[in-house]
Amino acid sequence: QVQLVESGGGLVQAGGSLRLSCAASGRAVSNNPMGWFRRPPGEEREFVAAISWSGGSTYYGDSEKGRFTISRDNAKNTIDLQMNNLKPEETGVYYCAAGRQGEFLLRHLAANTAFYDYWGQGTQVTVSS
C-alpha cells in the first residue's frame with residue numbers, strides 16, 4: 001500500500017510561484033508513474049502533469065505547458081511540481097497520484113484519473129487576482 005502526502009500549497013498572487021511536493025511512504029514509488037491533478041471549486045478533477053517512473057517522460061495539461069515543471073527524486077521517494085506565473089483559474093485542491101507499478105506512461109493515459117491507483121488528500125492552492 002502506498003500513502004501520498006502533498007505539501008506546499010498556500011495563497012499566492014497571480015503571476016507568483018509555488019512549489020508543491022508529494023512524499024510517498026509505505027513502499028518506494030520509483031517504479032510508478034506519478035501525476036498531479038487539480039480540482040477547482042465546484043468542478044471535476046483535471047489533469048496538470050505526469051512523469052514516468054524513470055523521469056524520462058513528462059506530460060502537461062495544455063494550459064500548464066511552459067509554466068509548470070514536474071520532477072521526481074526516486075532516492076527520496078518524492079515528486080515535486082514547480083508552478084510559475086500562476087493564474088487565478090488555477091485555484092483548487094492539488095492532488096498527487098501514483099499509477100500502477102511498472103506501468104508505461106503514455107500521453108492519453110497520463111490525463112486519465114482511472115490510470116492511477118493511489119491518491120493523496122490534496123493541498124489547497126489559492127491564486128488571488
# chains A, B, ... in the order shown; residues from 1 in each chain; ligands from 1

$ residues_around --residues "stretch 89-93 of chain A" --least-positions-apart "5" --cutoff "9 Å" --atoms "only C-alpha atoms" --output "PyMOL selection string"
chain A and resi 9+37-41+45+121-128

$ write_last_selection --atoms "C-alpha atoms" --output "tab-separated table (two decimals), in the first residue's frame"
chain	number	residue	atom	x	y	z
A	9	GLY	CA	0.09	24.76	-1.03
A	37	PHE	CA	-4.27	16.79	-10.70
A	38	ARG	CA	-6.26	19.84	-9.67
A	39	ARG	CA	-9.87	20.14	-8.54
A	40	PRO	CA	-11.14	23.71	-8.97
A	41	PRO	CA	-14.03	24.76	-6.69
A	45	ARG	CA	-10.64	16.87	-11.14
A	121	GLN	CA	-5.54	14.01	0.40
A	122	GLY	CA	-4.61	17.15	-1.51
A	123	THR	CA	-3.20	20.56	-0.75
A	124	GLN	CA	-5.05	23.84	-1.30
A	125	VAL	CA	-3.66	26.40	-3.73
A	126	THR	CA	-5.34	29.79	-3.94
A	127	VAL	CA	-4.28	32.29	-6.57
A	128	SER	CA	-5.60	35.79	-5.96

$ select_by_dssp --residues "chain A" --states "helix (DSSP H, G or I)" --output "PyMOL selection string"
chain A and resi 88-90+107-110+113-115

$ closest_residue --among "A:Trp36, A:Phe104, A:Trp53, A:Tyr118" --to "A:Asp73" --atoms "only C-alpha atoms"
A:Trp53

$ residues_around --residues "stretch 26-33 of chain A" --least-positions-apart "2" --cutoff "9 Å" --atoms "only C-alpha atoms" --output "PyMOL selection string"
chain A and resi 1-4+24+35+50-55+72-78+97-105+110+116

$ closest_residue --among "A:Gly120, A:Arg19, A:Asp80, A:Glu64" --to "A:Phe47" --atoms "only C-alpha atoms"
A:Glu64

$ residues_around --residues "A:Arg107" --least-positions-apart "5" --cutoff "10 Å" --atoms "only C-alpha atoms" --output "list in words"
Ala50, Ser57, Thr58, Tyr59, Tyr60 and Asn112 of chain A

$ closest_residue --among "A:Leu86, A:Ala111, A:Leu11, A:Cys22" --to "A:Ser71" --atoms "only C-alpha atoms"
A:Cys22

$ select_by_dssp --residues "chain A" --states "strand (DSSP E)" --output "PyMOL selection string"
chain A and resi 3-7+10-13+18-25+34-39+46-51+58-60+68-73+78-83+92-99+116-119+123-128

$ closest_residue --among "A:Lys87, A:Met34, A:Gly16, A:Ile79" --to "A:Ser63" --atoms "only C-alpha atoms"
A:Lys87

$ residues_around --residues "A:Leu20" --least-positions-apart "6" --cutoff "6 Å" --atoms "only C-alpha atoms" --output "VMD selection string"
chain A and resid 7 to 8 80 to 81

$ write_last_selection --atoms "N, CA, C and O atoms" --output "PDB file, in the first residue's frame"
ATOM      1  N   SER A   7       2.251  18.671   0.073  1.00  0.00           N
ATOM      2  CA  SER A   7       2.548  19.854   0.874  1.00  0.00           C
ATOM      3  C   SER A   7       2.961  20.984  -0.063  1.00  0.00           C
ATOM      4  O   SER A   7       3.229  20.751  -1.249  1.00  0.00           O
ATOM      5  N   GLY A   8       3.021  22.185   0.494  1.00  0.00           N
ATOM      6  CA  GLY A   8       3.494  23.320  -0.282  1.00  0.00           C
ATOM      7  C   GLY A   8       2.421  24.246  -0.800  1.00  0.00           C
ATOM      8  O   GLY A   8       2.725  25.280  -1.410  1.00  0.00           O
ATOM      9  N   ASP A  80       7.794  16.458  -7.145  1.00  0.00           N
ATOM     10  CA  ASP A  80       7.556  17.888  -6.989  1.00  0.00           C
ATOM     11  C   ASP A  80       6.845  18.467  -8.207  1.00  0.00           C
ATOM     12  O   ASP A  80       6.929  17.928  -9.314  1.00  0.00           O
ATOM     13  N   LEU A  81       6.186  19.590  -7.964  1.00  0.00           N
ATOM     14  CA  LEU A  81       5.552  20.338  -9.040  1.00  0.00           C
ATOM     15  C   LEU A  81       5.883  21.809  -8.833  1.00  0.00           C
ATOM     16  O   LEU A  81       5.384  22.426  -7.888  1.00  0.00           O
TER      17      LEU A  81
END
